[in-house]
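Reviewing the structure listed below.
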Amino acid sequence: MSFKDSKIVIIGTGNVGSTTAYTIINQGLCEDLVLIDMNKEKAMGEAIDMKHAIHFMNRNMRVRVGDYSECSDADIIIITASAPMDKDATNRLDMLAPSKKVMKSIITPIMESGFAGTIIVVSNPVDIMTYYAWKLSGLPENHVIGSGTTLDTARLCCEIGDIFDLDSKSVSAYIIGEHGDSETVSWNSATVGGKSLTDVMKDNSERTKEVTFDQLRKDTIDAGWQIFRRKGNTCYGIAASTCAIAKSILLNENRILPVSVHLTGQYGLNDIYLSVPTILGKDGAKEIVEIKLTNEEQKALEASAKVIRSFYDALEL
């Protein structure tokens, strides 16, 4: 795949969709970017605004409004459209009932167009919606991916980086499971500069004496809600993380990111979408990476899977 013939379609031009689009044009990621939204005037406004911004960027590309027929030759479709979240919401799972109707209305015309690329689902509750999109679409499991805990993982790395006054990119740690309250952390594999996080904390006990793994996990889960309560949405972080997923696929980077993928026995789990470290390349989810979990971490992942699976019966397939 080359830039010359690359095409991304974004469905939904709300805060997340439009910010994702702007992140894509900032990085010059594709040649053709198409925006689809029920509110065509809103989508048109976003497209025109971004077209003007491209004048000042390093790579020229097309950004325009389209309809579902544009999906036929797209390499990647990013679905951000979902039911609006109530300002007093405290759980992404509350969005399931209205969001599944939105997802069904999107997947049907996508597949009618003849689309055969990769779908990235961002819409919440993302793990359940990704599973639903996969079932509805009939696409290979590796071609339907959820943004999952990619952003949660970045938030955790930022929290740890702040403790030690380090660039968060020097921290390697994965949040796995549900993108939500039941998500868990693989502390067993977490490192700072190649050194285990457990050892780093022990060797810096004065600095970390009030820091616990449990509190770090809780603070990470709460980070998105802190943003939501203050500004009514989260958009920059999820846009950047979604763009990283798309970039790894388009450019065949084979980058490992914790995305929501279909498990078929990995970690002892079957027929469920949840986040685990995954190699992302030109064929989508190329390979699921099985990191070593402690017994406690394995039980926490299984508990998270149980939460997700409990909502599958509510889906209308």
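Chain labels run A, B, ... following the order of the structure tokens; each chain numbers its residues from 1, and ligands are numbered from 1 in the order shown.
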| query | Among region 142-307 of chain A, which ones does DSSP place in helix (DSSP H, G or I), written as a ChimeraX atom specification? | reply | /A:142-143,150-163,168-170,187-189,197-203,205-208,213-231,236-250,266-268,295-307
| field | All residues 8 Å or closer to Pro98 (chain A), only C-alpha atoms, same chain fewer than 3 positions away omitted, as a ChimeraX atom specification | value | /A:82-83,95,101-102
For the selection just defined, write its residues with N, CA and C atoms to a file, as a compact mmCIF listing (two decimals), in the first residue's frame.
# COMPACT_ATOMS: atom_id res chain seq x y z
N SER A 82 -21.80 7.43 17.62
CA SER A 82 -22.46 6.67 18.68
C SER A 82 -23.52 7.54 19.32
N ALA A 83 -24.32 6.94 20.16
CA ALA A 83 -25.32 7.72 20.87
C ALA A 83 -24.61 8.67 21.83
N MET A 95 -24.31 3.12 27.50
CA MET A 95 -24.58 3.55 26.13
C MET A 95 -24.96 2.40 25.22
N LYS A 101 -28.11 0.34 18.01
CA LYS A 101 -28.96 0.72 16.88
C LYS A 101 -28.16 1.55 15.88
N VAL A 102 -27.34 2.45 16.41
CA VAL A 102 -26.50 3.27 15.54
C VAL A 102 -25.52 2.39 14.78
| said: So that I can see what lies close to Tyr174 (chain A), please list as JSON, numbers by chain the residues with an atom at most 7 Å from it, counting only C-alpha atoms and leaving out residues fewer than 3 positions away in the same chain. | reply: {"A": [153, 185, 186, 258]}
| Who sits within 7 Å of region 121-133 of chain A, only C-alpha atoms, same chain under 5 positions skipped, as a PyMOL selection string | chain A and resi 78-82+92-93+95-96+100+103+107+144-148+178-179+260+273-274+308
Using N, CA and C atoms, can you export the residues from the last selection as a tab-separated table (two decimals), in the first residue's frame?
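Wrote selection-v1.tsv, looks like this:
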chain	number	residue	atom	x	y	z
A	78	ILE	N	-13.09	4.19	9.97
A	78	ILE	CA	-13.06	4.48	11.40
A	78	ILE	C	-14.46	4.90	11.83
A	79	ILE	N	-15.05	4.15	12.74
A	79	ILE	CA	-16.41	4.43	13.20
A	79	ILE	C	-16.35	5.12	14.56
A	80	THR	N	-16.73	6.39	14.59
A	80	THR	CA	-16.77	7.14	15.85
A	80	THR	C	-18.20	7.49	16.24
A	81	ALA	N	-19.14	7.34	15.32
A	81	ALA	CA	-20.53	7.70	15.59
A	81	ALA	C	-21.11	6.82	16.69
A	82	SER	N	-21.80	7.43	17.62
A	82	SER	CA	-22.46	6.67	18.68
A	82	SER	C	-23.52	7.54	19.32
A	92	ARG	N	-19.53	3.61	30.64
A	92	ARG	CA	-19.69	3.56	29.19
A	92	ARG	C	-20.70	2.50	28.76
A	93	LEU	N	-20.90	1.48	29.61
A	93	LEU	CA	-21.83	0.41	29.27
A	93	LEU	C	-23.27	0.90	29.22
A	95	MET	N	-24.31	3.12	27.50
A	95	MET	CA	-24.58	3.55	26.13
A	95	MET	C	-24.96	2.40	25.22
A	96	LEU	N	-25.00	1.18	25.73
A	96	LEU	CA	-25.19	0.01	24.87
A	96	LEU	C	-26.48	0.05	24.08
A	100	LYS	N	-26.12	0.35	19.92
A	100	LYS	CA	-26.22	-0.82	19.04
A	100	LYS	C	-27.11	-0.52	17.83
A	103	MET	N	-24.90	1.44	15.47
A	103	MET	CA	-23.92	0.57	14.82
A	103	MET	C	-24.54	-0.26	13.71
A	107	ILE	N	-23.11	-0.39	9.84
A	107	ILE	CA	-22.46	-1.58	9.27
A	107	ILE	C	-23.20	-2.07	8.02
A	144	VAL	N	-11.53	-6.43	11.91
A	144	VAL	CA	-12.41	-5.61	12.76
A	144	VAL	C	-11.72	-5.44	14.11
A	145	ILE	N	-11.33	-4.21	14.41
A	145	ILE	CA	-10.50	-3.92	15.58
A	145	ILE	C	-11.13	-2.76	16.36
A	146	GLY	N	-11.08	-2.83	17.67
A	146	GLY	CA	-11.56	-1.74	18.50
A	146	GLY	C	-10.39	-0.93	19.06
A	147	SER	N	-10.60	0.35	19.27
A	147	SER	CA	-9.54	1.19	19.83
A	147	SER	C	-9.15	0.74	21.23
A	148	GLY	N	-10.08	0.09	21.93
A	148	GLY	CA	-9.79	-0.59	23.18
A	148	GLY	C	-9.09	0.24	24.24
A	178	GLU	N	-11.44	-4.91	29.42
A	178	GLU	CA	-12.47	-3.96	28.99
A	178	GLU	C	-11.91	-2.54	28.98
A	179	HIS	N	-12.34	-1.75	28.01
A	179	HIS	CA	-12.11	-0.30	28.09
A	179	HIS	C	-13.21	0.23	29.00
A	260	SER	N	-8.72	-3.83	21.02
A	260	SER	CA	-9.77	-4.81	21.24
A	260	SER	C	-9.84	-5.75	20.04
A	273	TYR	N	-14.33	-10.14	22.39
A	273	TYR	CA	-13.48	-9.00	22.05
A	273	TYR	C	-13.10	-8.25	23.32
A	274	LEU	N	-11.82	-8.14	23.56
A	274	LEU	CA	-11.29	-7.29	24.63
A	274	LEU	C	-9.85	-6.94	24.28
A	308	ILE	N	-17.90	-8.06	30.09
A	308	ILE	CA	-18.20	-7.80	28.68
A	308	ILE	C	-19.21	-8.82	28.15
| message | Which residues are near Val16 (chain A)? Cut-off 8 Å, only C-alpha atoms, ignore same chain within fewer than 5 positions. Put them as a ChimeraX atom specification. | response | /A:80,234-236,238-239
Interface rows for region 132-175 of chain A against region 201-211 of chain A: nearest pair, Å to one decimal, 12 Å, only C-alpha atoms, as a Markdown table:
| residue | atom | partner | partner_atom | distance |
| --- | --- | --- | --- | --- |
| A:Glu159 | CA | A:Val211 | CA | 10.8 |
| A:Ile160 | CA | A:Val211 | CA | 9.9 |
| A:Asp162 | CA | A:Arg207 | CA | 11.3 |
| A:Ile163 | CA | A:Thr208 | CA | 7.6 |
| A:Phe164 | CA | A:Arg207 | CA | 8.0 |
| A:Asp165 | CA | A:Arg207 | CA | 10.8 |
Can you write out the residues you just picked, keeping N, CA and C atoms, as a compact mmCIF listing (two decimals), in the first residue's frame?
# COMPACT_ATOMS: atom_id res chain seq x y z
N GLU A 159 0.94 8.71 33.85
CA GLU A 159 0.89 8.75 35.32
C GLU A 159 2.23 8.29 35.90
N ILE A 160 2.75 7.20 35.38
CA ILE A 160 4.02 6.66 35.89
C ILE A 160 5.18 7.59 35.54
N ASP A 162 5.08 10.78 35.21
CA ASP A 162 5.02 11.96 36.09
C ASP A 162 5.66 11.68 37.45
N ILE A 163 5.47 10.47 37.96
CA ILE A 163 6.03 10.12 39.27
C ILE A 163 7.55 10.25 39.27
N PHE A 164 8.16 9.80 38.17
CA PHE A 164 9.62 9.77 38.10
C PHE A 164 10.20 10.89 37.24
N ASP A 165 9.35 11.85 36.86
CA ASP A 165 9.78 12.98 36.02
C ASP A 165 10.45 12.47 34.74
| With only C-alpha atoms as the atoms that count, which of A:Thr150, A:Ser170, A:Asn26, A:Ser6 lies nearest to Leu257 (chain A)? |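 Closest to Leu257 (chain A) of all the choices is A:Thr150.
For the residues A:Val200, A:Ile8, A:Ala240, A:Ile76, ranking by smallest atom-to-atom distance to Asp32 (chain A) using only C-alpha atoms places A:Ile8 first.
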| Residues within 12 Å of Lys299 (chain A), only C-alpha atoms, excluding chain neighbours under 6 positions, as a PyMOL selection string | chain A and resi 177+182-186+267-269+293+305-306
Put those residues in a file: N, CA and C atoms, as an mmCIF file, in the first residue's frame.
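The resulting file, out_6.cif, is shown below:
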data_model
loop_
_atom_site.group_PDB
_atom_site.id
_atom_site.type_symbol
_atom_site.label_atom_id
_atom_site.label_comp_id
_atom_site.auth_asym_id
_atom_site.auth_seq_id
_atom_site.Cartn_x
_atom_site.Cartn_y
_atom_site.Cartn_z
ATOM 1 N N GLY A 177 -8.059 -5.965 28.914
ATOM 2 C CA GLY A 177 -9.450 -6.237 29.271
ATOM 3 C C GLY A 177 -10.403 -5.230 28.679
ATOM 4 N N SER A 182 -13.703 -2.339 34.559
ATOM 5 C CA SER A 182 -13.131 -3.642 34.915
ATOM 6 C C SER A 182 -11.757 -3.876 34.296
ATOM 7 N N GLU A 183 -11.227 -2.888 33.593
ATOM 8 C CA GLU A 183 -9.911 -3.069 32.979
ATOM 9 C C GLU A 183 -8.856 -3.329 34.054
ATOM 10 N N THR A 184 -7.790 -4.020 33.649
ATOM 11 C CA THR A 184 -6.741 -4.352 34.603
ATOM 12 C C THR A 184 -5.381 -4.055 33.980
ATOM 13 N N VAL A 185 -4.353 -4.099 34.809
ATOM 14 C CA VAL A 185 -3.000 -3.773 34.357
ATOM 15 C C VAL A 185 -2.104 -4.996 34.501
ATOM 16 N N SER A 186 -1.278 -5.221 33.495
ATOM 17 C CA SER A 186 -0.273 -6.275 33.597
ATOM 18 C C SER A 186 0.971 -5.683 34.255
ATOM 19 N N TYR A 267 -5.023 -16.434 26.267
ATOM 20 C CA TYR A 267 -5.300 -16.107 27.671
ATOM 21 C C TYR A 267 -6.440 -16.959 28.243
ATOM 22 N N GLY A 268 -6.704 -18.109 27.584
ATOM 23 C CA GLY A 268 -7.750 -19.009 28.059
ATOM 24 C C GLY A 268 -9.154 -18.504 27.785
ATOM 25 N N LEU A 269 -9.299 -17.547 26.873
ATOM 26 C CA LEU A 269 -10.604 -16.951 26.571
ATOM 27 C C LEU A 269 -10.987 -17.197 25.114
ATOM 28 N N LEU A 293 1.094 -13.298 32.564
ATOM 29 C CA LEU A 293 0.319 -12.680 33.634
ATOM 30 C C LEU A 293 0.502 -13.459 34.929
ATOM 31 N N ALA A 305 -13.549 -10.032 31.272
ATOM 32 C CA ALA A 305 -14.213 -10.713 30.159
ATOM 33 C C ALA A 305 -15.642 -11.087 30.519
ATOM 34 N N LYS A 306 -15.854 -11.476 31.762
ATOM 35 C CA LYS A 306 -17.198 -11.850 32.218
ATOM 36 C C LYS A 306 -18.138 -10.652 32.162
#
